[in-house]
>>> print(open('target19.cif').read())   # mmCIF, C-alpha atoms
data_work
loop_
_atom_site.label_atom_id
_atom_site.label_comp_id
_atom_site.auth_asym_id
_atom_site.auth_seq_id
_atom_site.Cartn_x
_atom_site.Cartn_y
_atom_site.Cartn_z
CA MET A 3 0.00 0.00 0.00
CA SER A 4 1.40 3.39 -0.92
CA ASN A 5 1.56 6.34 1.46
CA THR A 6 -1.39 7.96 -0.31
CA GLU A 7 -3.73 4.98 0.14
CA LYS A 8 -5.73 4.95 3.34
CA SER A 9 -6.17 1.90 5.52
CA PRO A 10 -9.16 1.65 7.86
CA ASP A 11 -6.97 -0.09 10.44
CA LEU A 12 -4.86 1.71 12.98
CA PRO A 13 -1.21 0.65 13.19
CA ALA A 14 -0.03 -1.76 15.85
CA LEU A 15 1.16 -0.49 19.21
CA LYS A 16 4.61 1.09 19.05
CA ILE A 17 5.17 0.54 22.77
CA ASP A 18 4.59 -2.48 24.94
CA GLN A 19 1.04 -2.93 26.29
CA ALA A 20 2.51 -2.98 29.81
CA GLU A 21 3.82 0.54 29.25
CA VAL A 22 0.36 1.69 28.09
CA GLU A 23 -1.16 0.12 31.22
CA LYS A 24 1.42 1.93 33.35
CA PHE A 25 0.07 5.24 32.01
CA ARG A 26 -3.50 4.09 32.70
CA ASP A 27 -2.74 2.86 36.24
CA PHE A 28 -2.61 6.48 37.40
CA TYR A 29 -6.27 6.97 36.43
CA THR A 30 -7.36 3.73 38.03
CA GLU A 31 -5.66 4.75 41.27
CA LEU A 32 -7.08 8.28 41.15
CA ILE A 33 -10.70 7.67 40.14
CA GLY A 34 -11.12 3.90 40.20
CA PHE A 35 -11.15 3.23 36.45
CA VAL A 36 -9.82 4.52 33.14
CA PRO A 37 -12.38 6.86 31.55
CA PRO A 38 -13.25 6.00 27.93
CA ARG A 39 -11.72 9.17 26.47
CA ILE A 40 -8.46 8.60 28.31
CA HIS A 41 -8.44 4.97 27.23
CA ALA A 42 -8.93 6.08 23.61
CA ARG A 43 -6.20 8.75 23.83
CA THR A 44 -3.65 6.42 25.38
CA ASP A 45 -4.44 3.71 22.83
CA LEU A 46 -4.26 6.04 19.83
CA LEU A 47 -1.04 7.72 20.87
CA ALA A 48 0.56 4.39 21.81
CA ARG A 49 -0.01 3.46 18.18
CA LEU A 50 0.81 6.75 16.48
CA ASP A 51 2.96 8.90 18.76
CA PRO A 52 4.10 7.24 22.00
CA GLU A 53 6.64 9.99 22.61
CA PHE A 54 3.86 12.58 22.70
CA LEU A 55 1.82 10.31 25.01
CA ALA A 56 4.75 10.20 27.41
CA MET A 57 5.10 14.00 27.24
CA GLN A 58 1.36 14.53 27.88
CA GLU A 59 1.40 12.23 30.88
CA ALA A 60 4.56 13.83 32.29
CA ILE A 61 3.02 17.31 32.00
CA ARG A 62 -0.27 16.09 33.51
CA LYS A 63 1.57 14.51 36.42
CA HIS A 64 3.66 17.63 37.01
CA ALA A 65 0.68 20.01 36.84
CA MET A 66 -1.75 17.84 38.79
CA TYR A 67 0.62 17.16 41.68
CA PRO A 68 2.38 20.39 42.65
CA SER A 69 4.24 20.06 45.94
CA CYS A 70 2.12 22.81 47.51
CA PHE A 71 -1.24 20.93 47.17
CA ASP A 72 -2.32 17.55 48.37
CA THR A 73 -4.34 15.35 46.00
CA LYS A 74 -7.68 16.24 47.59
CA THR A 75 -7.10 19.97 47.23
CA ALA A 76 -5.91 19.68 43.63
CA GLN A 77 -8.92 17.53 42.71
CA LEU A 78 -11.36 19.92 44.39
CA MET A 79 -9.83 22.77 42.41
CA LEU A 80 -10.06 20.81 39.16
CA PHE A 81 -13.69 19.93 39.93
CA GLY A 82 -14.46 23.64 40.33
CA MET A 83 -12.57 24.65 37.20
CA LEU A 84 -14.41 22.08 35.13
CA LEU A 85 -17.76 23.13 36.61
CA MET A 86 -17.01 26.64 35.39
CA THR A 87 -16.96 25.35 31.82
CA LEU A 88 -19.78 22.84 32.42
CA ALA A 89 -17.38 20.13 31.29
CA ASP A 90 -18.62 16.58 31.59
CA ALA A 91 -15.25 15.58 33.05
CA ALA A 92 -16.15 17.53 36.21
CA HIS A 93 -17.67 14.37 37.65
CA LEU A 94 -14.35 12.51 37.27
CA HIS A 95 -12.54 15.08 39.39
CA ALA A 96 -15.35 15.10 41.94
CA LEU A 97 -14.89 11.32 42.21
CA ALA A 98 -11.14 11.77 42.54
CA ALA A 99 -11.60 14.39 45.26
CA ARG A 100 -14.00 12.09 47.11
CA ARG A 101 -11.59 9.16 46.83
CA ALA A 102 -8.85 11.48 48.16
CA GLY A 103 -10.96 12.25 51.24
CA ALA A 104 -13.20 15.18 50.31
CA GLY A 105 -16.48 15.36 52.18
CA TRP A 106 -19.88 16.38 50.85
CA GLU A 107 -19.52 19.82 52.45
CA GLU A 108 -16.22 20.45 50.64
CA LEU A 109 -17.63 19.35 47.29
CA SER A 110 -20.69 21.52 47.83
CA ALA A 111 -18.53 24.51 48.77
CA VAL A 112 -16.71 24.15 45.45
CA VAL A 113 -20.07 24.12 43.67
CA ASN A 114 -21.05 27.27 45.52
CA LEU A 115 -17.84 29.00 44.44
CA ALA A 116 -18.50 28.01 40.83
CA PHE A 117 -22.01 29.41 41.16
CA LEU A 118 -20.63 32.84 42.03
CA PHE A 119 -18.98 33.22 38.64
CA ARG A 120 -20.84 30.76 36.38
CA GLY A 121 -24.35 30.83 37.81
CA LEU A 122 -27.08 28.24 38.02
CA PRO A 123 -25.81 25.98 35.24
CA ALA A 124 -22.66 25.24 37.28
CA ALA A 125 -24.67 24.90 40.48
CA ASN A 126 -27.12 22.52 38.82
CA LEU A 127 -24.39 20.38 37.29
CA GLY A 128 -22.45 20.28 40.55
CA ALA A 129 -25.54 19.31 42.54
CA GLN A 130 -26.37 16.59 40.01
CA ILE A 131 -22.84 15.19 40.25
CA ILE A 132 -22.83 15.20 44.06
CA GLN A 133 -26.33 13.72 44.29
CA GLY A 134 -25.34 10.98 41.84
CA MET A 135 -22.24 10.17 43.84
CA ALA A 136 -24.20 10.05 47.10
CA GLN A 137 -26.85 7.81 45.57
CA ALA A 138 -24.22 5.44 44.19
CA GLU A 139 -22.45 5.30 47.54
CA ARG A 140 -25.73 4.50 49.33
CA GLU A 141 -26.47 1.75 46.85
CA ARG A 142 -23.05 0.18 47.38
CA GLN A 143 -23.00 0.18 51.18
CA ASP A 144 -22.14 -3.24 52.48
CA GLY A 145 -23.48 -2.93 56.01
CA GLU A 146 -20.10 -2.12 57.57
CA GLY A 147 -20.28 1.59 56.93
CA SER A 148 -19.88 3.80 53.91
CA VAL A 149 -18.14 2.23 50.97
CA LEU A 150 -17.30 4.39 47.98
CA SER A 151 -19.19 3.32 44.91
CA SER A 152 -17.46 1.98 41.91
CA ALA A 153 -16.39 5.01 39.92
CA ALA A 154 -17.44 3.15 36.80
CA ASP A 155 -21.01 2.88 38.14
CA ILE A 156 -21.07 6.60 38.85
CA ALA A 157 -19.61 7.46 35.46
CA MET A 158 -22.17 5.23 33.77
CA ARG A 159 -24.99 6.93 35.67
CA GLU A 160 -23.59 10.35 34.78
CA GLY A 161 -23.23 9.39 31.14
CA LYS A 162 -26.81 8.14 31.05
CA ALA A 163 -28.02 11.36 32.66
CA ASN A 164 -26.10 13.43 30.12
CA ALA A 165 -27.52 11.38 27.24
CA GLU A 166 -31.06 11.84 28.58
CA LYS A 167 -30.44 15.58 28.95
CA GLU A 168 -29.33 15.84 25.32
CA THR A 169 -32.44 14.09 23.94
#
>>> encode(input="target19.cif", output="structure tokens")
Amino acid sequence: MSNTEKSPDLPALKIDQAEVEKFRDFYTELIGFVPPRIHARTDLLARLDPEFLAMQEAIRKHAMYPSCFDTKTAQLMLFGMLLMTLADAAHLHALAARRAGAGWEELSAVVNLAFLFRGLPAANLGAQIIQGMAQAERERQDGEGSVLSSAADIAMREGKANAEKET
């Protein structure tokens, strides 16, 4: 096949699958699973530009973990920033903040701050995210106290809610 012909197939991985999984392990540790968009990005770049994948992940790691903030604080800030743009990824950072120890009051305070400068859309989205997380946690309690819900369950619920909102 010449360089001008197009193949429907993506090329094979240019790095070992274990290396790709190493990049993804961060997300599993942080939020409990690898979100579909991140899975797609890591797969695509592992096939087409693994050097750029490594650079992206190094920059993400550096920016997301400054020495002056703990994980919970950084994730609360990211949750608020994403609420300001009504980004659907806001729920992932709310999950990460919760997994890092954030309480409902802290998450709600972030929503309130976003409300000041973004208004009711941010407040509504934030409340929906927090309510969904609380519902999922209640559903997953095992009788020994509060157990955080599977982040995948929460993401699925959020995705379904977003799809219903769009129709």
>>> atom_distance(input="target19.cif", atom1="CA of Leu94 in chain A", atom2="CA of His41 in chain A")
13.9 Å
>>> atom_distance(input="target19.cif", atom1="CA of Ala96 in chain A", atom2="CA of Leu78 in chain A")
6.7 Å
>>> atom_distance(input="target19.cif", atom1="CA of Leu84 in chain A", atom2="CA of Arg49 in chain A")
29.0 Å
>>> closest_residue(input="target19.cif", among="A:Val36, A:Leu15, A:Ile61, A:Met66", to="Ala48 in chain A", atoms="all atoms listed in the file")
A:Leu15
>>> closest_residue(input="target19.cif", among="A:Leu127, A:Pro68, A:Thr87, A:Leu50", to="Leu12 in chain A", atoms="only C-alpha atoms")
A:Leu50
>>> build_atoms(input="target19.cif", residues="range 48-79 of chain A", atoms="N, CA and C atoms", output="compact mmCIF listing (two decimals), keeping the file's coordinate frame")
# COMPACT_ATOMS: atom_id res chain seq x y z
N ALA A 48 -0.36 5.53 21.71
CA ALA A 48 0.56 4.39 21.81
C ALA A 48 0.81 3.78 20.44
N ARG A 49 -0.14 3.98 19.55
CA ARG A 49 -0.01 3.46 18.18
C ARG A 49 0.65 4.47 17.24
N LEU A 50 0.37 5.74 17.45
CA LEU A 50 0.81 6.75 16.48
C LEU A 50 1.93 7.65 16.96
N ASP A 51 1.96 7.96 18.26
CA ASP A 51 2.96 8.90 18.76
C ASP A 51 3.23 8.66 20.25
N PRO A 52 3.86 7.54 20.58
CA PRO A 52 4.10 7.24 22.00
C PRO A 52 4.96 8.27 22.71
N GLU A 53 5.83 8.95 21.99
CA GLU A 53 6.64 9.99 22.61
C GLU A 53 5.76 11.14 23.11
N PHE A 54 4.77 11.51 22.29
CA PHE A 54 3.86 12.58 22.70
C PHE A 54 2.98 12.12 23.87
N LEU A 55 2.58 10.86 23.88
CA LEU A 55 1.82 10.31 25.01
C LEU A 55 2.63 10.45 26.29
N ALA A 56 3.89 10.09 26.23
CA ALA A 56 4.75 10.20 27.41
C ALA A 56 4.88 11.66 27.86
N MET A 57 5.01 12.57 26.89
CA MET A 57 5.10 14.00 27.24
C MET A 57 3.81 14.49 27.88
N GLN A 58 2.65 14.11 27.31
CA GLN A 58 1.36 14.53 27.88
C GLN A 58 1.24 14.06 29.32
N GLU A 59 1.55 12.79 29.54
CA GLU A 59 1.40 12.23 30.88
C GLU A 59 2.39 12.85 31.86
N ALA A 60 3.58 13.17 31.41
CA ALA A 60 4.56 13.83 32.29
C ALA A 60 4.08 15.23 32.68
N ILE A 61 3.54 15.97 31.71
CA ILE A 61 3.02 17.31 32.00
C ILE A 61 1.81 17.22 32.92
N ARG A 62 0.90 16.26 32.65
CA ARG A 62 -0.27 16.09 33.51
C ARG A 62 0.16 15.79 34.94
N LYS A 63 1.10 14.87 35.09
CA LYS A 63 1.57 14.51 36.42
C LYS A 63 2.20 15.71 37.13
N HIS A 64 3.01 16.46 36.41
CA HIS A 64 3.66 17.63 37.01
C HIS A 64 2.63 18.69 37.43
N ALA A 65 1.67 18.97 36.55
CA ALA A 65 0.68 20.01 36.84
C ALA A 65 -0.33 19.58 37.91
N MET A 66 -0.70 18.31 37.89
CA MET A 66 -1.75 17.84 38.79
C MET A 66 -1.24 17.59 40.21
N TYR A 67 0.05 17.46 40.36
CA TYR A 67 0.62 17.16 41.68
C TYR A 67 1.69 18.15 42.10
N PRO A 68 1.36 19.45 42.17
CA PRO A 68 2.38 20.39 42.65
C PRO A 68 2.66 20.11 44.14
N SER A 69 3.85 20.39 44.55
CA SER A 69 4.24 20.06 45.94
C SER A 69 3.44 20.86 46.96
N CYS A 70 2.84 21.96 46.56
CA CYS A 70 2.12 22.81 47.51
C CYS A 70 0.67 22.36 47.76
N PHE A 71 0.14 21.42 46.97
CA PHE A 71 -1.24 20.93 47.17
C PHE A 71 -1.24 19.43 47.38
N ASP A 72 -2.10 18.99 48.27
CA ASP A 72 -2.32 17.55 48.37
C ASP A 72 -3.31 17.15 47.27
N THR A 73 -3.48 15.86 47.08
CA THR A 73 -4.34 15.35 46.00
C THR A 73 -5.77 15.85 46.15
N LYS A 74 -6.29 15.81 47.37
CA LYS A 74 -7.68 16.24 47.59
C LYS A 74 -7.88 17.69 47.17
N THR A 75 -6.98 18.56 47.58
CA THR A 75 -7.10 19.97 47.23
C THR A 75 -7.02 20.18 45.72
N ALA A 76 -6.06 19.54 45.09
CA ALA A 76 -5.91 19.68 43.63
C ALA A 76 -7.17 19.18 42.92
N GLN A 77 -7.74 18.08 43.37
CA GLN A 77 -8.92 17.53 42.71
C GLN A 77 -10.16 18.40 42.97
N LEU A 78 -10.27 18.98 44.14
CA LEU A 78 -11.36 19.92 44.39
C LEU A 78 -11.25 21.13 43.47
N MET A 79 -10.03 21.63 43.30
CA MET A 79 -9.83 22.77 42.41
C MET A 79 -10.18 22.41 40.97
